[in-house]
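Heads up, the thing below is written out as structure tokens.
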Amino acid sequence: MIEFQAVTKKYPDGTVAVDGLDLVVDAGKITVFVGPSGCGKTTSLRMINRMIDPTSGTILLDGKDIRESDPPLLRRGIGYVIQHAGLFPHRTVLDNVATVPMLTGKNKRAARSRAAELLELVGLPTEMGKRYPAQLSGGQQQRVGVARALAADPPVLLMDEPFSAVDPIVRDDLQQQLLRLQSELDKTIVFVTHDIDEAIKLGDRVAVFRVGGRLAQYATPSELLAKPADDFVSSFVGRDRGYRALGFLTATGVPVGPVATVKIGETAAEPGWVVVVDERNRPLGWLDQGSTSDAASADDVVSGGSLYEVDGAAGTAGSLRNALDAALSSPAGVGIAVDADGAVAGSVKAEAVLEALATARRTGEVPA
Amino acid sequence: MNVDWPWPWLPRNVDKIVEATGEHLYLALLPVLAGLVISVPLGWAASRWPAVRLVLVPLAGVLYTIPSLALITLVPLLLGTKIIDPLNVQVPLAIYTIALLVRSVTDALLAVPGEVTAAATAIGFRPAKRFLAVELPLAVPVIVAGLRVAAVSAMSLTAVGALIGIGGLGGLITEGFRRNNAVEMVVAIALILVIALIIDALLLLAGKVITPWTRVRQGAAK
Ligand SMILES: Nc1ncnc2c1ncn2[C@@H]1O[C@H](COP(=O)(O)OP(=O)(O)OP(=O)(O)O)[C@@H](O)[C@H]1O
Ligand SMILES: [Mg+2]
């Protein structure tokens with residue numbers, strides 16, 4: 001657990017970067033600091049590992065004032081992933097990762113074998129360890145940065161805009177991987193970003209900062225979307241916040257209706273929209289059958305919208321957002337629900353989603 | 001000039017040439033080494049404190065512009081050394097080396113990307129270790145480039161020392177001039193030149209060997 005108590009940082013030139021910050025970062029959770037440029041996110045983060053010392057106030061790490069720790073020793077117990085990775089250009093990828101274990105006293109062989117494990121953990125082939133950072137793509141460098149930060153197995157991980165310099169697809173990949181790693185490792189992660197979508201996707205809790213280093217709101221992502229504290233937060237959270245809030249509600253209450261399916265070469269039972277499926281009943285697209293006499297032809301298949309995943313057996317379902325999007329993006333006006341194997345499980349209607357939302361509101365599941 | 005070609009001079013004076021060459025290398029390279037050792041902490045200080053930089057870098061520039069003849073004749077007076085003390089040549093050469101390298105080292109250290117040093121600090125390097133393990137290695141290519149210029153200049157500047165009686169191969173040049181011995185002069189000049197080129201090539205090679213990361217292609221391989 002990391003606790004900020006009335007922490008203020010004023011730089012020598014008079015800039016107040018952080019102003020009276022009170023905040024508790026939960027152990028084993030991802031806490032995201034988000035806010036516009038210059039609002040003091042990096043400053044707040046770097047005060048945790050004493051790269052910057054507060055002007056006033058106290059920071060406790062597991063109940064202990066960090067001022068009592070020798071900074072280099074403190075830092076060896078706190079992983080740090082820096083924007084643009086900040087890899088050592090003169091060391092191979094493997095040795096970049098091995099740097100930390102070596103600092104903490106491991107011999108070169110042990111450090112390197114640990115480094116090789118970590119490369120694997122972050123999804124990089126071991127052969128890549130022999131390369132220099134300049135020989136990697138931006139996304140690969142970020143992975144190495146994460147591996148290096150994890151190398152000493154620190155309980156705390158600080159990440160400063162680690163994924164902001166890579167393209168959206170790679171970013172999505174890295175985000176998924178971070179969530180996967182976190183589900184195995186249970187680190188206390190403080191993650192800085194200026195991207196509210198990233199904050200909502202990754203954060204167990206999100207701290208929204210405003211310029212001048214003041215905390216505007218500290219809440220779970222769904223609370224933030226449903227009940228922004230003020231105009232600043234609501235404009236920062238941005239457009240479509242009602243729609244995005246649906247992403248935090250499971251669609252278990254949404255009924256899955258029947259849907260007509262047809263295989264290529266076969267004939268549909270009724271005219272109208274049918275789902276074209278493959279041998280294993282997985283959807284290939286939609287077909288608008290004028291009459292039942294024509295056999296379904298691959299040439300006429302219209303590609304479908306997003307798929308909504310339900311798992312009848314486990315009783316789990318995707319989010320209301322998934323369900324609604326499946327319905328809205330489908331050419332037929334109803335969304336396709338698929339099971340865990342990807343086979344067609346039924347259909348979902350937009351109205352049903354809105355009804356489920358209304359019910360959730362009535363029962364208080366959604367903060368109104 | 002009345003030049004006759006006493007070719008037999010060469011084989012009769014091999015010992016003398018070898019001795020002069022050894023002296024020349026000793027006079028030229030020791031100060032370069034000393035200059036390097038002194039420049040690194042000076043450059044470190046200049047890269048770290050702007051106030052130091054503001055003094056050191058212009059001072060180095062001024063020192064470098066002092067004519068070598070002036071420095072070589074002035075230094076013995078200032079140091080109070082004896083007439084034929086090698087220091088009379090070596091101290092000026094060290095000064096030139098420092099004047100040249102302080103700037104290189106400072107610039108090279110300042111060019112180390114901020115996120116790399118920040119990452120090193122965040123990982124838990126102490127400042128001294130960080131300097132030796134991260135900043136200095138990254139400065140090596142620029143330092144080697146400066147060192148090559150310093151070493152080559154030192155080879156030719158050493159010859160000027162012959163004017164105050166300590167010049168290694170430079171001594172052969174002045175002696176050849178006095179005795180009207182063109183071969184002696186040509187041999188000495190050629191040796192200075194060839195040795196300077198060899199030293200330059202060796203430094204270039206050594207620089208490449210110790211900085212393997214500068215030889216990789218940029219961008220993702222394959
Ligand atoms: N060393 C410094 N000296 C003076 N002012 C500084 C210093 N470092 C940061 N600041 C100022 O403090 C404020 C907060 O900076 P900080 O880097 O923490 O912002 P940030 O939220 O991380 O911004 P970004 O999203 O752009 O990275 C800014 O106004 C910045 O200009
Ligand atoms: Mg920042």
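In the structure tokens, chains take letters A, B, ... by order of appearance, with residues numbered from 1 within each chain and ligands from 1 in the order shown.
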What lies within 12 Å of Gly86 (chain A) using only C-alpha atoms, ignoring chain neighbours under 5 positions off, as a ChimeraX atom specification? /A:80-81,91,93,96-97,133-134,138,141-146,148-149,160,162 /B:112-123,134
May I ask you to write as a list in words all residues lying at most 10 Å from ligand 2, with only C-alpha atoms and all ligand atoms counted? Val34, Gly35, Pro36, Ser37, Gly38, Cys39, Gly40, Lys41, Thr42, Thr43, Ser44, Leu45, Arg46, Ile82, Gln83, Asp160, Glu161, Val192, Thr193 and His194 of chain A
Residues of chain A within 8 Å of chain B, using only C-alpha atoms, as an MDAnalysis selection string? chainID A and resid 49 51 71:76 78:91 100 103 132 134:137 149
Please write the residues from the selection above to a file, keeping N, CA and C atoms, as a compact mmCIF listing (two decimals), in the first residue's frame.
```txt
# COMPACT_ATOMS: atom_id res chain seq x y z
N ASN A 49 9.35 6.81 -5.62
CA ASN A 49 10.67 6.15 -5.51
C ASN A 49 11.78 7.17 -5.22
N MET A 51 12.81 9.78 -6.67
CA MET A 51 13.57 10.48 -7.71
C MET A 51 13.28 11.97 -7.55
N PRO A 71 17.63 6.01 -0.92
CA PRO A 71 16.96 5.98 -2.23
C PRO A 71 17.35 4.83 -3.16
N PRO A 72 18.66 4.58 -3.40
CA PRO A 72 18.95 3.47 -4.33
C PRO A 72 18.38 2.13 -3.86
N LEU A 73 18.41 1.89 -2.55
CA LEU A 73 17.87 0.62 -2.06
C LEU A 73 16.35 0.58 -2.20
N LEU A 74 15.72 1.70 -1.88
CA LEU A 74 14.27 1.81 -2.05
C LEU A 74 13.89 1.49 -3.50
N ARG A 75 14.65 2.08 -4.45
CA ARG A 75 14.32 1.94 -5.87
C ARG A 75 14.48 0.51 -6.36
N ARG A 76 15.40 -0.24 -5.75
CA ARG A 76 15.58 -1.62 -6.20
C ARG A 76 14.37 -2.47 -5.87
N ILE A 78 11.31 -1.24 -6.24
CA ILE A 78 10.20 -0.63 -6.97
C ILE A 78 10.54 -0.63 -8.45
N GLY A 79 9.79 -1.41 -9.24
CA GLY A 79 10.05 -1.41 -10.68
C GLY A 79 9.58 -0.11 -11.30
N TYR A 80 10.27 0.33 -12.35
CA TYR A 80 9.88 1.59 -12.98
C TYR A 80 9.94 1.40 -14.49
N VAL A 81 8.82 1.62 -15.14
CA VAL A 81 8.81 1.57 -16.61
C VAL A 81 8.64 2.99 -17.09
N ILE A 82 9.60 3.41 -17.89
CA ILE A 82 9.66 4.81 -18.27
C ILE A 82 9.10 4.97 -19.68
N GLN A 83 8.58 6.16 -19.99
CA GLN A 83 8.11 6.43 -21.35
C GLN A 83 9.27 6.22 -22.33
N HIS A 84 9.00 5.74 -23.52
CA HIS A 84 10.04 5.42 -24.53
C HIS A 84 11.02 4.37 -24.01
N ALA A 85 10.60 3.62 -22.99
CA ALA A 85 11.36 2.48 -22.47
C ALA A 85 12.66 2.86 -21.76
N GLY A 86 13.44 3.81 -22.31
CA GLY A 86 14.69 4.20 -21.64
C GLY A 86 15.66 3.03 -21.48
N LEU A 87 15.70 2.15 -22.48
CA LEU A 87 16.64 1.03 -22.38
C LEU A 87 18.06 1.53 -22.53
N PHE A 88 19.02 0.76 -21.99
CA PHE A 88 20.43 1.13 -22.13
C PHE A 88 20.89 0.75 -23.53
N PRO A 89 21.22 1.73 -24.37
CA PRO A 89 21.53 1.42 -25.77
C PRO A 89 22.78 0.55 -25.91
N HIS A 90 23.66 0.59 -24.90
CA HIS A 90 24.95 -0.10 -25.03
C HIS A 90 24.91 -1.50 -24.44
N ARG A 91 23.75 -1.92 -23.96
CA ARG A 91 23.68 -3.28 -23.43
C ARG A 91 22.69 -4.07 -24.25
N VAL A 100 19.16 -5.25 -13.21
CA VAL A 100 18.62 -5.10 -11.86
C VAL A 100 19.02 -6.25 -10.94
N LEU A 103 22.47 -5.70 -9.90
CA LEU A 103 22.63 -4.64 -8.89
C LEU A 103 22.31 -5.15 -7.49
N TYR A 132 20.64 -5.58 -29.60
CA TYR A 132 20.70 -4.31 -28.90
C TYR A 132 19.35 -3.60 -29.05
N ALA A 134 18.38 -0.86 -30.17
CA ALA A 134 18.13 -0.19 -31.45
C ALA A 134 17.61 -1.16 -32.51
N GLN A 135 17.78 -2.45 -32.25
CA GLN A 135 17.33 -3.45 -33.22
C GLN A 135 15.92 -3.96 -32.95
N LEU A 136 15.23 -3.30 -32.00
CA LEU A 136 13.86 -3.73 -31.69
C LEU A 136 12.86 -2.66 -32.14
N SER A 137 11.62 -3.08 -32.35
CA SER A 137 10.55 -2.12 -32.62
C SER A 137 10.16 -1.44 -31.31
N ALA A 149 11.69 -3.91 -15.49
CA ALA A 149 11.10 -3.42 -14.24
C ALA A 149 10.69 -4.57 -13.33
```
Neighbour list for region 98-109 of chain B as a ChimeraX atom specification, cut-off 10 Å, only C-alpha atoms, skip fewer than 2 positions in-chain: /B:31-48,53,56-65,92-96,111-113,131,135-147,149-150
Spatial neighbours of Leu224 (chain A), max dist 9 Å, only C-alpha atoms, sep filter under 4 positions, as a list of chain:residue names: A:Ile200, A:Val206, A:Gln217, A:Tyr218, A:Ala219, A:Thr220, A:Pro228, A:Ala229, A:Val233, A:Ser234, A:Val237, A:Ala245
Take the residues from that selection and put them in a file with N, CA, C and O atoms, as a tab-separated table (two decimals), in the first residue's frame.
```tsv
chain	number	residue	atom	x	y	z
A	200	ILE	N	-9.39	3.83	-17.97
A	200	ILE	CA	-10.61	3.09	-17.66
A	200	ILE	C	-10.43	1.61	-17.93
A	200	ILE	O	-10.92	0.75	-17.21
A	206	VAL	N	-9.03	4.94	-10.49
A	206	VAL	CA	-8.45	5.98	-11.34
A	206	VAL	C	-8.44	7.29	-10.57
A	206	VAL	O	-9.45	7.70	-10.01
A	217	GLN	N	-10.75	13.76	-8.84
A	217	GLN	CA	-11.62	12.65	-8.43
A	217	GLN	C	-10.79	11.38	-8.34
A	217	GLN	O	-9.87	11.17	-9.12
A	218	TYR	N	-11.14	10.56	-7.38
A	218	TYR	CA	-10.45	9.28	-7.22
A	218	TYR	C	-11.53	8.24	-7.05
A	218	TYR	O	-12.24	8.22	-6.05
A	219	ALA	N	-11.73	7.39	-8.06
A	219	ALA	CA	-12.88	6.49	-8.05
A	219	ALA	C	-12.61	5.29	-8.94
A	219	ALA	O	-11.60	5.24	-9.65
A	220	THR	N	-13.51	4.32	-8.90
A	220	THR	CA	-13.40	3.21	-9.83
A	220	THR	C	-13.81	3.71	-11.21
A	220	THR	O	-14.52	4.71	-11.31
A	228	PRO	N	-19.23	11.62	-12.65
A	228	PRO	CA	-18.06	12.50	-12.60
A	228	PRO	C	-18.28	13.59	-11.55
A	228	PRO	O	-19.39	14.11	-11.42
A	229	ALA	N	-17.22	13.90	-10.77
A	229	ALA	CA	-17.36	14.79	-9.63
A	229	ALA	C	-17.72	16.21	-10.05
A	229	ALA	O	-18.42	16.91	-9.34
A	233	VAL	N	-13.99	16.88	-14.67
A	233	VAL	CA	-13.89	15.42	-14.83
A	233	VAL	C	-14.82	14.96	-15.96
A	233	VAL	O	-14.42	14.17	-16.80
A	234	SER	N	-16.02	15.52	-16.00
A	234	SER	CA	-16.95	15.01	-17.00
A	234	SER	C	-16.45	15.37	-18.41
A	234	SER	O	-16.56	14.56	-19.33
A	237	VAL	N	-13.43	13.03	-19.01
A	237	VAL	CA	-13.86	11.66	-19.28
A	237	VAL	C	-14.39	11.56	-20.71
A	237	VAL	O	-14.22	10.56	-21.39
A	245	ALA	N	-19.95	3.57	-20.16
A	245	ALA	CA	-20.25	3.01	-18.83
A	245	ALA	C	-20.88	1.63	-18.95
A	245	ALA	O	-20.75	0.80	-18.06
```
Selected residue of minimal separation from ligand 1 among A:Phe232, A:Phe209, A:Phe191, A:Phe4, counting only C-alpha atoms and all ligand atoms: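 Nearest to ligand 1: A:Phe209.
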Residue neighbourhood Val275 (chain A), 9 Å, only C-alpha atoms, exclusion window fewer than 5 positions, as a list in words: Val259, Ala260, Thr261, Val262, Lys263, Pro283, Leu284, Gly285, Trp286, Leu287, Asp288, Val301, Gly304, Ile336 and Val344 of chain A
So which one's closest to Leu25 (chain B), B:Thr81, B:Thr73, B:Thr158, B:Asn180? Using only C-alpha atoms, please.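 Counting only C-alpha atoms, the residue closest to Leu25 (chain B) is B:Thr158.
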Do a neighbour search on Ser183 (chain A) at 10 Å with only C-alpha atoms, toss out local chain neighbours closer than 6 positions, and write the hits as a ChimeraX atom specification. /A:28-29,177
Those same residues, written as a short mmCIF file (atom, residue, chain, number, x, y, z; two decimals), in the first residue's frame with all heavy atoms?
```
data_model
loop_
_atom_site.label_atom_id
_atom_site.label_comp_id
_atom_site.auth_asym_id
_atom_site.auth_seq_id
_atom_site.Cartn_x
_atom_site.Cartn_y
_atom_site.Cartn_z
N GLY A 28 -1.70 -4.56 -4.51
CA GLY A 28 -2.15 -5.61 -5.41
C GLY A 28 -3.14 -5.16 -6.47
O GLY A 28 -3.74 -5.98 -7.15
N LYS A 29 -3.30 -3.84 -6.60
CA LYS A 29 -4.27 -3.32 -7.57
C LYS A 29 -3.57 -2.39 -8.56
O LYS A 29 -2.46 -1.90 -8.30
CB LYS A 29 -5.35 -2.52 -6.85
CG LYS A 29 -6.25 -3.37 -5.96
CD LYS A 29 -7.33 -3.96 -6.83
CE LYS A 29 -8.35 -4.85 -6.21
NZ LYS A 29 -8.29 -5.45 -4.98
N GLN A 177 -1.64 -7.60 -22.29
CA GLN A 177 -0.59 -8.38 -21.64
C GLN A 177 -0.37 -7.92 -20.21
O GLN A 177 -0.15 -8.74 -19.31
CB GLN A 177 0.70 -8.25 -22.43
CG GLN A 177 1.76 -9.13 -21.81
CD GLN A 177 3.07 -8.97 -22.50
OE1 GLN A 177 3.52 -7.88 -22.75
NE2 GLN A 177 3.67 -10.08 -22.83
#
```
Neighbour list for region 13-22 of chain B as number ranges by chain, cut-off 10 Å, only C-alpha atoms, skip fewer than 6 positions in-chain: B: 28, 167-172, 184, 187-188, 191-192, 195
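The smallest atom-to-atom distance between ligand 1 and any of A:Lys106, A:Arg214, A:Arg282, A:Arg241, using only C-alpha atoms and all ligand atoms, is found for A:Arg214.
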Run DSSP on the backbone and tell me which residues of region 241-307 of chain A come out as helix (DSSP H, G or I); list them as a ChimeraX atom specification. /A:241-248,298-300
Go ahead and save the residues from that selection, with N, CA, C and O atoms, as a PDB file, in the first residue's frame.
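Ended up saving to out.pdb:
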```
ATOM      1  N   ARG A 241     -19.821   8.962 -22.635  1.00  0.00           N
ATOM      2  CA  ARG A 241     -19.484   8.330 -21.369  1.00  0.00           C
ATOM      3  C   ARG A 241     -20.586   7.400 -20.914  1.00  0.00           C
ATOM      4  O   ARG A 241     -20.324   6.362 -20.309  1.00  0.00           O
ATOM      5  N   GLY A 242     -21.855   7.736 -21.239  1.00  0.00           N
ATOM      6  CA  GLY A 242     -22.969   6.853 -20.896  1.00  0.00           C
ATOM      7  C   GLY A 242     -22.814   5.511 -21.601  1.00  0.00           C
ATOM      8  O   GLY A 242     -22.973   4.449 -21.000  1.00  0.00           O
ATOM      9  N   TYR A 243     -22.450   5.597 -22.851  1.00  0.00           N
ATOM     10  CA  TYR A 243     -22.279   4.380 -23.639  1.00  0.00           C
ATOM     11  C   TYR A 243     -21.105   3.559 -23.100  1.00  0.00           C
ATOM     12  O   TYR A 243     -21.193   2.348 -22.921  1.00  0.00           O
ATOM     13  N   ARG A 244     -19.991   4.274 -22.798  1.00  0.00           N
ATOM     14  CA  ARG A 244     -18.814   3.544 -22.310  1.00  0.00           C
ATOM     15  C   ARG A 244     -19.062   2.913 -20.956  1.00  0.00           C
ATOM     16  O   ARG A 244     -18.491   1.886 -20.616  1.00  0.00           O
ATOM     17  N   ALA A 245     -19.951   3.566 -20.156  1.00  0.00           N
ATOM     18  CA  ALA A 245     -20.252   3.013 -18.833  1.00  0.00           C
ATOM     19  C   ALA A 245     -20.882   1.630 -18.950  1.00  0.00           C
ATOM     20  O   ALA A 245     -20.751   0.798 -18.055  1.00  0.00           O
ATOM     21  N   LEU A 246     -21.558   1.386 -20.078  1.00  0.00           N
ATOM     22  CA  LEU A 246     -22.163   0.069 -20.269  1.00  0.00           C
ATOM     23  C   LEU A 246     -21.107  -1.038 -20.249  1.00  0.00           C
ATOM     24  O   LEU A 246     -21.419  -2.193 -19.991  1.00  0.00           O
ATOM     25  N   GLY A 247     -19.878  -0.669 -20.543  1.00  0.00           N
ATOM     26  CA  GLY A 247     -18.792  -1.644 -20.567  1.00  0.00           C
ATOM     27  C   GLY A 247     -18.524  -2.257 -19.198  1.00  0.00           C
ATOM     28  O   GLY A 247     -17.859  -3.285 -19.083  1.00  0.00           O
ATOM     29  N   PHE A 248     -19.035  -1.612 -18.127  1.00  0.00           N
ATOM     30  CA  PHE A 248     -18.770  -2.133 -16.781  1.00  0.00           C
ATOM     31  C   PHE A 248     -19.932  -2.945 -16.222  1.00  0.00           C
ATOM     32  O   PHE A 248     -19.902  -3.385 -15.083  1.00  0.00           O
ATOM     33  N   ALA A 298     -21.972 -18.118 -51.078  1.00  0.00           N
ATOM     34  CA  ALA A 298     -20.928 -17.367 -50.376  1.00  0.00           C
ATOM     35  C   ALA A 298     -20.812 -15.936 -50.908  1.00  0.00           C
ATOM     36  O   ALA A 298     -20.463 -15.015 -50.177  1.00  0.00           O
ATOM     37  N   ASP A 299     -21.142 -15.716 -52.190  1.00  0.00           N
ATOM     38  CA  ASP A 299     -20.997 -14.389 -52.790  1.00  0.00           C
ATOM     39  C   ASP A 299     -21.942 -13.358 -52.182  1.00  0.00           C
ATOM     40  O   ASP A 299     -21.660 -12.166 -52.191  1.00  0.00           O
ATOM     41  N   ASP A 300     -23.079 -13.815 -51.670  1.00  0.00           N
ATOM     42  CA  ASP A 300     -24.077 -12.879 -51.168  1.00  0.00           C
ATOM     43  C   ASP A 300     -23.913 -12.553 -49.688  1.00  0.00           C
ATOM     44  O   ASP A 300     -24.662 -11.752 -49.135  1.00  0.00           O
TER      45      ASP A 300
END
```
Among the residues of region 75-106 of chain A, find those DSSP assigns to strand (DSSP E) from the backbone and print them as a short mmCIF file (atom, residue, chain, number, x, y, z; two decimals) with C-alpha atoms, in the first residue's frame.
```
data_model
loop_
_atom_site.label_atom_id
_atom_site.label_comp_id
_atom_site.auth_asym_id
_atom_site.auth_seq_id
_atom_site.Cartn_x
_atom_site.Cartn_y
_atom_site.Cartn_z
CA ILE A 78 10.20 -0.63 -6.97
CA GLY A 79 10.05 -1.41 -10.68
CA TYR A 80 9.88 1.59 -12.98
CA VAL A 81 8.81 1.57 -16.61
#
```
